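Shown next: run.cif, given as mmCIF, C-alpha atoms.
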data_model
#
loop_
_atom_site.label_atom_id
_atom_site.label_comp_id
_atom_site.auth_asym_id
_atom_site.auth_seq_id
_atom_site.Cartn_x
_atom_site.Cartn_y
_atom_site.Cartn_z
CA MET A 28 -4.04 4.62 0.50
CA ASN A 29 -4.16 5.51 -3.13
CA LEU A 30 -1.94 6.04 -6.13
CA PHE A 31 -2.32 9.26 -8.11
CA ARG A 32 -0.79 10.43 -11.35
CA SER A 33 0.99 13.17 -9.38
CA GLU A 34 0.72 15.19 -6.17
CA ASP A 35 -1.31 17.81 -8.03
CA HIS A 36 -3.87 15.19 -8.97
CA ALA A 37 -4.17 14.08 -5.34
CA ARG A 38 -4.66 17.65 -4.16
CA ARG A 39 -7.44 18.16 -6.72
CA TRP A 40 -9.25 15.01 -5.61
CA PRO A 41 -12.49 16.22 -3.96
CA GLN A 42 -11.98 13.87 -1.00
CA PHE A 43 -8.43 15.06 -0.33
CA ARG A 44 -8.16 15.97 3.35
CA PRO A 45 -6.03 19.04 4.08
CA GLU A 46 -4.74 17.20 7.19
CA SER A 47 -3.22 14.62 4.85
CA ASP A 48 -0.73 17.03 3.34
CA GLU A 49 2.01 14.98 4.97
CA GLY A 50 0.49 11.80 3.52
CA PHE A 51 2.49 11.72 0.30
CA ILE A 52 5.05 9.02 -0.33
CA SER A 53 7.23 8.53 -3.38
CA LEU A 54 6.79 5.35 -5.38
CA HIS A 55 10.34 4.33 -4.49
CA ASP A 56 9.67 4.66 -0.77
CA LEU A 57 6.29 2.99 -1.09
CA VAL A 58 7.79 -0.06 -2.78
CA GLY A 59 10.25 -0.33 0.10
CA PHE A 60 7.52 0.19 2.68
CA PHE A 61 5.42 -2.63 1.26
CA GLY A 62 8.39 -4.80 0.42
CA THR A 63 9.91 -5.34 3.86
CA GLU A 64 11.18 -8.82 4.70
CA SER A 65 7.93 -10.21 6.05
CA ARG A 66 6.14 -9.30 2.82
CA GLN A 67 8.58 -11.45 0.92
CA HIS A 68 7.38 -14.50 2.80
CA MET A 69 3.67 -14.30 2.01
CA LEU A 70 3.88 -17.62 0.17
CA ASP A 71 5.40 -19.41 3.16
CA ALA A 72 3.15 -21.94 4.89
CA ASP A 73 3.72 -20.27 8.26
CA TYR A 74 3.39 -16.67 7.07
CA LEU A 75 0.56 -15.74 9.39
CA SER A 76 2.08 -17.11 12.59
CA ARG A 77 5.73 -16.40 11.85
CA TRP A 78 6.02 -13.42 9.53
CA TYR A 79 2.87 -11.37 9.87
CA PRO A 80 3.57 -10.53 13.55
CA ARG A 81 6.87 -8.93 12.48
CA ARG A 82 5.15 -6.58 10.09
CA ALA A 83 4.32 -3.79 12.54
CA ASP A 84 7.89 -3.40 13.77
CA GLU A 85 9.24 -3.53 10.23
CA ARG A 86 6.84 -0.81 9.16
CA ARG A 87 7.74 1.47 12.05
CA SER A 88 11.43 0.94 11.41
CA TYR A 89 11.14 1.60 7.69
CA LEU A 90 8.96 4.68 8.12
CA THR A 91 11.38 6.13 10.64
CA GLN A 92 14.25 5.41 8.25
CA ILE A 93 12.60 7.43 5.48
CA GLY A 94 11.73 10.28 7.81
CA LYS A 95 8.04 9.53 8.29
CA SER A 96 8.00 9.30 12.05
CA SER A 97 5.02 11.53 12.82
CA PRO A 98 1.89 10.21 14.56
CA PHE A 99 0.13 10.44 11.20
CA TRP A 100 2.40 7.76 9.73
CA LEU A 101 3.24 5.72 12.81
CA GLY A 102 -0.32 5.55 14.09
CA THR A 103 0.72 6.80 17.49
CA PRO A 104 -1.40 9.26 19.45
CA ALA A 105 -0.89 12.86 18.41
CA PRO A 106 0.78 15.07 21.05
CA SER A 107 -1.76 16.84 23.23
CA ARG A 108 -2.18 20.51 22.48
CA MET B 241 -11.54 -34.38 -2.16
CA ARG B 242 -9.75 -35.85 0.82
CA PRO B 243 -9.82 -33.55 3.86
CA VAL B 244 -6.41 -32.15 4.70
CA PHE B 245 -6.73 -32.48 8.44
CA GLY B 246 -8.60 -35.73 8.93
CA ALA B 247 -10.75 -35.51 12.04
CA MET B 248 -10.77 -31.95 13.36
CA THR B 249 -10.59 -31.24 17.04
CA PRO B 250 -13.45 -29.25 18.58
CA ASN B 251 -11.15 -26.25 19.08
CA ALA B 252 -9.61 -26.22 15.62
CA ALA B 253 -10.30 -22.49 15.41
CA SER B 254 -7.72 -21.91 18.11
CA ASN B 255 -5.09 -24.18 16.56
CA PRO B 256 -2.33 -21.97 15.05
CA ASP B 257 -1.51 -24.64 12.48
CA VAL B 258 -5.09 -24.69 11.24
CA ILE B 259 -5.20 -20.88 11.12
CA ASP B 260 -1.94 -20.80 9.17
CA ARG B 261 -3.17 -23.36 6.67
CA VAL B 262 -6.48 -21.65 6.11
CA TRP B 263 -4.75 -18.28 5.63
CA THR B 264 -2.52 -19.93 3.04
CA ARG B 265 -5.48 -21.63 1.38
CA ILE B 266 -7.37 -18.35 1.04
CA THR B 267 -4.32 -16.61 -0.40
CA ARG B 268 -3.63 -19.48 -2.80
CA THR B 269 -7.25 -19.51 -3.99
CA LEU B 270 -7.02 -15.78 -4.64
CA ILE B 271 -3.79 -16.24 -6.60
CA ASP B 272 -5.16 -19.14 -8.63
CA THR B 273 -8.66 -17.90 -9.34
CA GLY B 274 -8.76 -14.17 -8.61
CA ARG B 275 -11.46 -14.56 -5.97
CA PRO B 276 -11.52 -15.59 -2.32
CA PRO B 277 -13.22 -18.84 -1.28
CA HIS B 278 -16.45 -19.03 0.68
CA TYR B 279 -16.28 -20.75 4.05
CA ALA B 280 -18.53 -23.51 2.75
CA GLU B 281 -15.88 -24.31 0.12
CA LEU B 282 -13.21 -24.29 2.80
CA ALA B 283 -15.34 -26.72 4.84
CA HIS B 284 -14.99 -29.42 2.20
CA TRP B 285 -11.25 -28.92 2.03
CA LEU B 286 -10.89 -28.85 5.81
CA GLY B 287 -13.14 -31.85 6.35
CA VAL B 288 -15.38 -30.00 8.78
CA SER B 289 -18.96 -28.82 8.73
CA PRO B 290 -19.72 -25.45 7.13
CA SER B 291 -20.56 -24.10 10.57
CA GLU B 292 -17.15 -25.12 11.91
CA SER B 293 -15.50 -23.69 8.83
CA ARG B 294 -17.26 -20.36 9.41
CA THR B 295 -15.88 -20.27 12.96
CA ILE B 296 -12.39 -20.99 11.63
CA LEU B 297 -12.74 -18.26 8.98
CA HIS B 298 -13.64 -15.72 11.65
CA ALA B 299 -10.60 -16.82 13.67
CA VAL B 300 -8.40 -16.27 10.62
CA MET B 301 -9.83 -12.80 10.08
CA ASP B 302 -9.30 -11.99 13.75
CA ALA B 303 -5.66 -12.99 13.36
CA TYR B 304 -5.34 -10.96 10.16
CA PRO B 305 -7.17 -7.70 10.89
CA ILE B 306 -5.82 -5.89 7.83
CA GLY B 307 -8.32 -7.94 5.85
CA TRP B 308 -12.06 -7.89 6.44
CA LEU B 309 -15.35 -9.57 5.72
CA HIS B 310 -17.99 -7.56 3.94
CA PRO B 311 -20.04 -5.88 6.71
CA GLU B 312 -22.93 -8.00 7.99
CA THR B 313 -21.80 -11.02 5.96
CA ASP B 314 -19.28 -13.85 6.01
CA TYR B 315 -17.93 -12.99 2.56
CA ILE B 316 -14.22 -12.25 2.34
CA ALA B 317 -14.16 -8.73 0.93
CA SER B 318 -10.51 -7.98 1.41
CA PHE B 319 -7.53 -10.22 2.01
CA PRO B 320 -4.49 -8.09 1.33
CA PRO B 321 -2.63 -7.59 -0.74
CA LEU B 322 -5.50 -8.84 -2.94
CA ASN B 323 -9.18 -7.96 -2.76
CA GLY B 324 -12.34 -9.96 -3.27
CA LEU B 325 -14.33 -6.87 -4.15
CA PRO B 326 -13.20 -5.05 -7.28
CA THR B 327 -11.18 -1.89 -6.69
CA GLN B 328 -9.63 0.59 -9.08
CA TYR B 329 -6.35 -1.35 -8.75
CA ARG B 330 -6.60 -3.92 -11.52
CA VAL B 331 -3.81 -6.49 -11.53
CA THR B 332 -2.64 -8.31 -14.62
CA VAL B 333 -0.27 -11.29 -14.70
CA ARG B 334 0.67 -13.32 -17.81
CA GLY B 335 -1.68 -11.10 -19.81
CA GLU B 336 -4.67 -12.00 -17.66
CA GLN B 337 -6.46 -9.38 -15.58
CA LYS B 338 -8.37 -11.23 -12.92
CA TRP B 339 -7.10 -9.74 -9.65
CA PHE B 340 -7.63 -6.57 -7.68
CA ALA B 341 -5.32 -5.08 -5.08
CA GLN B 342 -6.79 -3.91 -1.78
CA CYS B 343 -5.47 -0.38 -2.25
CA GLY B 344 -2.76 1.58 -3.98
CA PHE B 345 -0.20 0.80 -1.31
CA GLU B 346 -0.94 -2.92 -1.24
CA ALA B 347 -0.77 -2.89 -5.03
CA THR B 348 3.01 -2.56 -4.71
CA SER B 349 3.09 -5.73 -2.60
CA VAL B 350 1.22 -8.02 -5.02
CA THR B 351 4.54 -8.71 -6.75
CA TRP B 352 5.53 -10.97 -3.84
CA LEU B 353 2.64 -13.32 -4.63
CA PHE B 354 3.88 -13.92 -8.18
CA PRO B 355 7.62 -14.63 -8.04
CA GLY B 356 9.34 -14.46 -11.40
CA GLU B 357 6.27 -12.90 -13.05
CA ARG B 358 5.70 -9.39 -14.31
CA VAL B 359 2.83 -7.91 -12.33
CA ARG B 360 1.07 -4.98 -13.94
CA VAL B 361 -1.27 -2.67 -12.02
CA ASP B 362 -3.61 -0.45 -14.02
CA VAL B 363 -5.33 2.32 -12.15
CA ALA B 364 -7.86 5.00 -13.02
CA CYS B 365 -6.71 8.18 -11.25
CA LEU B 366 -9.30 9.28 -8.68
CA ASP B 367 -8.88 12.89 -9.76
CA CYS B 368 -9.13 12.74 -13.54
CA GLY B 369 -9.89 9.13 -14.43
CA ASP B 370 -6.87 8.98 -16.69
CA PRO B 371 -4.80 5.80 -16.46
CA LEU B 372 -1.64 5.22 -14.53
CA THR B 373 0.33 2.04 -14.85
CA LEU B 374 2.83 0.31 -12.65
CA GLU B 375 4.72 -2.83 -13.56
CA MET B 376 6.85 -4.81 -11.12
CA LEU B 377 9.01 -7.92 -11.17
CA ASP B 378 10.18 -9.58 -7.96
CA GLY B 379 9.78 -6.41 -5.93
CA ARG B 380 11.37 -4.06 -8.46
CA VAL B 381 9.54 -1.42 -10.47
CA THR B 382 10.17 -2.13 -14.15
CA TRP B 383 7.77 0.42 -15.61
CA VAL B 384 5.73 3.33 -14.36
CA ASP B 385 3.58 5.72 -16.36
CA PRO B 386 3.50 8.61 -15.78
CA PRO B 387 6.79 8.86 -13.90
CA THR B 388 5.21 11.34 -11.47
CA VAL B 389 3.02 8.66 -9.80
CA VAL B 390 2.85 9.08 -6.01
CA GLY B 391 1.23 7.33 -3.10
CA HIS B 392 -1.07 9.24 -0.80
CA LEU B 393 -2.42 8.39 2.63
CA ASN B 394 -5.60 10.36 3.21
CA TYR B 395 -6.08 9.21 6.78
CA GLY B 396 -3.19 8.56 9.11
CA PHE B 397 -2.50 5.04 10.28
CA GLY B 398 -3.84 3.95 13.64
CA PRO B 399 -6.99 5.22 15.31
CA SER B 400 -7.42 8.08 12.85
CA ARG B 401 -7.46 5.72 9.91
CA GLY B 402 -11.23 5.46 9.67
CA ARG B 403 -13.34 2.44 8.90
CA PRO B 404 -11.37 -0.20 6.98
CA PRO B 405 -13.88 -0.79 4.17
CA PHE B 406 -13.58 2.85 3.24
CA LEU B 407 -9.86 3.23 2.81
#

Could the structure of this file be written out as structure tokens, please?
Amino acid sequence: MNLFRSEDHARRWPQFRPESDEGFISLHDLVGFFGTESRQHMLDADYLSRWYPRRADERRSYLTQIGKSSPFWLGTPAPSR
Amino acid sequence: MRPVFGAMTPNAASNPDVIDRVWTRITRTLIDTGRPPHYAELAHWLGVSPSESRTILHAVMDAYPIGWLHPETDYIASFPPLNGLPTQYRVTVRGEQKWFAQCGFEATSVTWLFPGERVRVDVACLDCGDPLTLEMLDGRVTWVDPPTVVGHLNYGFGPSRGRPPFL
């Protein structure tokens, strides 16, 4: 879960995994992904009990909205081959 | 310092209110000082023994599994979006660089801990070591250099993600 100067830089990174070719996300989408409603309540006294549990659904919904609905992004089991 | 809870019940570690307050205390300590507290420091604040505080800390980490203790220790290594251990994601607020983000993705979330403040993230690119900079204010990107900056997920989320300390 890193930031790179560009996609080319990420691909040149010696630890780049070829399987992660679908792992790119634009800065705009990333800011939205990590700025969903629950994130905006991290300073609330009840964040952990009230807001944190909403995070997973928010993430799935946002990722689907931006077209990242593969098992790689959603953390769901990959289809059997 | 006067304990915040008075006399603790024996099962404080299972009390959601206690867990909430300790989560908030850890986050606030990170915001204020740039480092996470040790459970022995939390003990004084909670008004419990260090041993009880350690149990409560572990309950908090169980409830917040996106953070973690350093392996084989009780030290808070990561408490996202901020990190106790230094990372390449250096965070500057009000001209002071004393925070680290957990990872590049969480770096874009640090802005929500500093409302009304410009949050700058300076990163050394893992490929070339050259700098990249991101500045945000209340969830909006106000500056990025170079403009080609991208996020990259090397392991998928879920079971394929790998061991958390090695994101």

> Counting all atoms listed in the file, which residues of chain B come no farther than 6 Å from chain A, as an MDAnalysis selection string?
Replying inline: chainID B and resid 260 343:345 348:349 352 365 367 388:394 396:398

Assuming 5 Å of padding per side, give the centre and edge lengths of the axis-aligned box around every listed atom of range 316-327 of chain B, in Å to one decimal and as AutoDock Vina command-line options.
--center_x -8.5 --center_y -7.1 --center_z -2.5 --size_x 21.7 --size_y 20.4 --size_z 19.6

>> Would you compute the distance between CA of Thr91 in chain A and CA of Val350 in chain B? Give it in Å to one decimal.
In response: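 So the two atoms, CA of Thr91 in chain A and CA of Val350 in chain B, lie 23.4 Å apart.
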
> Do you have the CA of Asp385 in chain B-CA of Val361 in chain B distance handy?
Replying inline: 10.6 Å

>> When the PyMOL selection byres ((chain B and resi 324-333) around 6) is applied to the structure above, which residues does it catch, written out as number ranges by chain?
In response: B: 275-276, 317-318, 323, 334-337, 339-341, 359-363

Deliver the residues from the most recent selection as a file, using C-alpha atoms, as a PDB file, in the coordinates of the input.
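again03.pdb, freshly written:
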ATOM      1  CA  ARG B 275     -11.460 -14.560  -5.970  1.00  0.00           C
ATOM      2  CA  PRO B 276     -11.520 -15.590  -2.320  1.00  0.00           C
ATOM      3  CA  ALA B 317     -14.160  -8.730   0.930  1.00  0.00           C
ATOM      4  CA  SER B 318     -10.510  -7.980   1.410  1.00  0.00           C
ATOM      5  CA  ASN B 323      -9.180  -7.960  -2.760  1.00  0.00           C
ATOM      6  CA  ARG B 334       0.670 -13.320 -17.810  1.00  0.00           C
ATOM      7  CA  GLY B 335      -1.680 -11.100 -19.810  1.00  0.00           C
ATOM      8  CA  GLU B 336      -4.670 -12.000 -17.660  1.00  0.00           C
ATOM      9  CA  GLN B 337      -6.460  -9.380 -15.580  1.00  0.00           C
ATOM     10  CA  TRP B 339      -7.100  -9.740  -9.650  1.00  0.00           C
ATOM     11  CA  PHE B 340      -7.630  -6.570  -7.680  1.00  0.00           C
ATOM     12  CA  ALA B 341      -5.320  -5.080  -5.080  1.00  0.00           C
ATOM     13  CA  VAL B 359       2.830  -7.910 -12.330  1.00  0.00           C
ATOM     14  CA  ARG B 360       1.070  -4.980 -13.940  1.00  0.00           C
ATOM     15  CA  VAL B 361      -1.270  -2.670 -12.020  1.00  0.00           C
ATOM     16  CA  ASP B 362      -3.610  -0.450 -14.020  1.00  0.00           C
ATOM     17  CA  VAL B 363      -5.330   2.320 -12.150  1.00  0.00           C
TER      18      VAL B 363
END

>> Which residues, named as in the file, does the PyMOL selection byres ((chain B and resi 377) around 7) pick out? Answer as a list in words.
In response: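 So the PyMOL selection byres ((chain B and resi 377) around 7), applied here, picks out Thr351, Gly356, Glu357, Arg358, Val359, Met376, Asp378, Gly379, Arg380, Val381 and Thr382 of chain B.
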
Since we have the selection now, will you write its residues out, keeping C-alpha atoms, as a PDB file, keeping the file's coordinate frame?
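Final file, part-v8.pdb:
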ATOM      1  CA  THR B 351       4.540  -8.710  -6.750  1.00  0.00           C
ATOM      2  CA  GLY B 356       9.340 -14.460 -11.400  1.00  0.00           C
ATOM      3  CA  GLU B 357       6.270 -12.900 -13.050  1.00  0.00           C
ATOM      4  CA  ARG B 358       5.700  -9.390 -14.310  1.00  0.00           C
ATOM      5  CA  VAL B 359       2.830  -7.910 -12.330  1.00  0.00           C
ATOM      6  CA  MET B 376       6.850  -4.810 -11.120  1.00  0.00           C
ATOM      7  CA  ASP B 378      10.180  -9.580  -7.960  1.00  0.00           C
ATOM      8  CA  GLY B 379       9.780  -6.410  -5.930  1.00  0.00           C
ATOM      9  CA  ARG B 380      11.370  -4.060  -8.460  1.00  0.00           C
ATOM     10  CA  VAL B 381       9.540  -1.420 -10.470  1.00  0.00           C
ATOM     11  CA  THR B 382      10.170  -2.130 -14.150  1.00  0.00           C
TER      12      THR B 382
END

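Going from CA of Val300 in chain B to CA of Asn251 in chain B covers 13.4 Å.
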
>> Under the rule that all atoms listed in the file are counted, which of B:Tyr395, B:Trp285, B:Trp308, B:Tyr279 is the nearest residue to Gln342 in chain B?
In response: B:Trp308

File output for range 342-405 of chain B (C-alpha atoms) as a short mmCIF file (atom, residue, chain, number, x, y, z; two decimals), in the first residue's frame:
data_model
loop_
_atom_site.label_atom_id
_atom_site.label_comp_id
_atom_site.auth_asym_id
_atom_site.auth_seq_id
_atom_site.Cartn_x
_atom_site.Cartn_y
_atom_site.Cartn_z
CA GLN B 342 1.14 3.61 8.44
CA CYS B 343 1.36 3.33 4.66
CA GLY B 344 0.82 5.30 1.49
CA PHE B 345 -2.91 4.68 1.50
CA GLU B 346 -3.39 5.63 5.13
CA ALA B 347 -1.29 8.73 4.47
CA THR B 348 -4.28 10.17 2.61
CA SER B 349 -6.43 9.67 5.71
CA VAL B 350 -4.20 11.54 8.19
CA THR B 351 -5.92 14.77 7.12
CA TRP B 352 -8.98 13.75 9.15
CA LEU B 353 -6.94 13.85 12.36
CA PHE B 354 -5.98 17.49 11.84
CA PRO B 355 -9.11 19.44 10.89
CA GLY B 356 -8.41 22.89 9.50
CA GLU B 357 -4.69 22.15 9.17
CA ARG B 358 -2.56 21.60 6.10
CA VAL B 359 -1.13 18.10 6.31
CA ARG B 360 1.95 17.47 4.21
CA VAL B 361 3.24 13.98 3.44
CA ASP B 362 6.80 13.64 2.17
CA VAL B 363 7.77 10.31 0.71
CA ALA B 364 10.93 8.80 -0.72
CA CYS B 365 9.88 6.79 -3.78
CA LEU B 366 10.65 3.09 -3.27
CA ASP B 367 11.94 2.83 -6.83
CA CYS B 368 14.29 5.78 -7.15
CA GLY B 369 14.43 7.44 -3.74
CA ASP B 370 13.40 10.76 -5.23
CA PRO B 371 10.83 12.72 -3.26
CA LEU B 372 7.12 12.92 -3.80
CA THR B 373 4.94 15.28 -1.86
CA LEU B 374 1.28 15.36 -1.07
CA GLU B 375 -0.48 18.14 0.79
CA MET B 376 -4.07 17.95 2.00
CA LEU B 377 -6.54 20.15 3.84
CA ASP B 378 -9.76 18.76 5.31
CA GLY B 379 -9.78 15.80 2.96
CA ARG B 380 -8.89 17.73 -0.21
CA VAL B 381 -5.60 17.48 -2.07
CA THR B 382 -4.12 20.98 -2.26
CA TRP B 383 -0.74 20.06 -3.72
CA VAL B 384 0.88 17.01 -5.25
CA ASP B 385 4.33 16.71 -6.76
CA PRO B 386 4.83 15.15 -9.21
CA PRO B 387 1.28 15.14 -10.56
CA THR B 388 1.74 11.54 -11.73
CA VAL B 389 1.72 10.14 -8.16
CA VAL B 390 -0.26 6.88 -7.89
CA GLY B 391 -1.19 4.41 -5.20
CA HIS B 392 -0.26 0.78 -5.58
CA LEU B 393 -1.46 -2.29 -3.73
CA ASN B 394 1.16 -5.00 -4.04
CA TYR B 395 -0.88 -7.66 -2.27
CA GLY B 396 -4.62 -7.89 -2.58
CA PHE B 397 -6.78 -7.21 0.43
CA GLY B 398 -8.02 -10.13 2.48
CA PRO B 399 -6.24 -13.44 2.94
CA SER B 400 -3.70 -12.74 0.21
CA ARG B 401 -2.59 -9.54 1.90
CA GLY B 402 0.36 -11.07 3.71
CA ARG B 403 1.62 -10.37 7.19
CA PRO B 404 0.52 -6.93 8.41
CA PRO B 405 3.92 -5.68 9.59
#
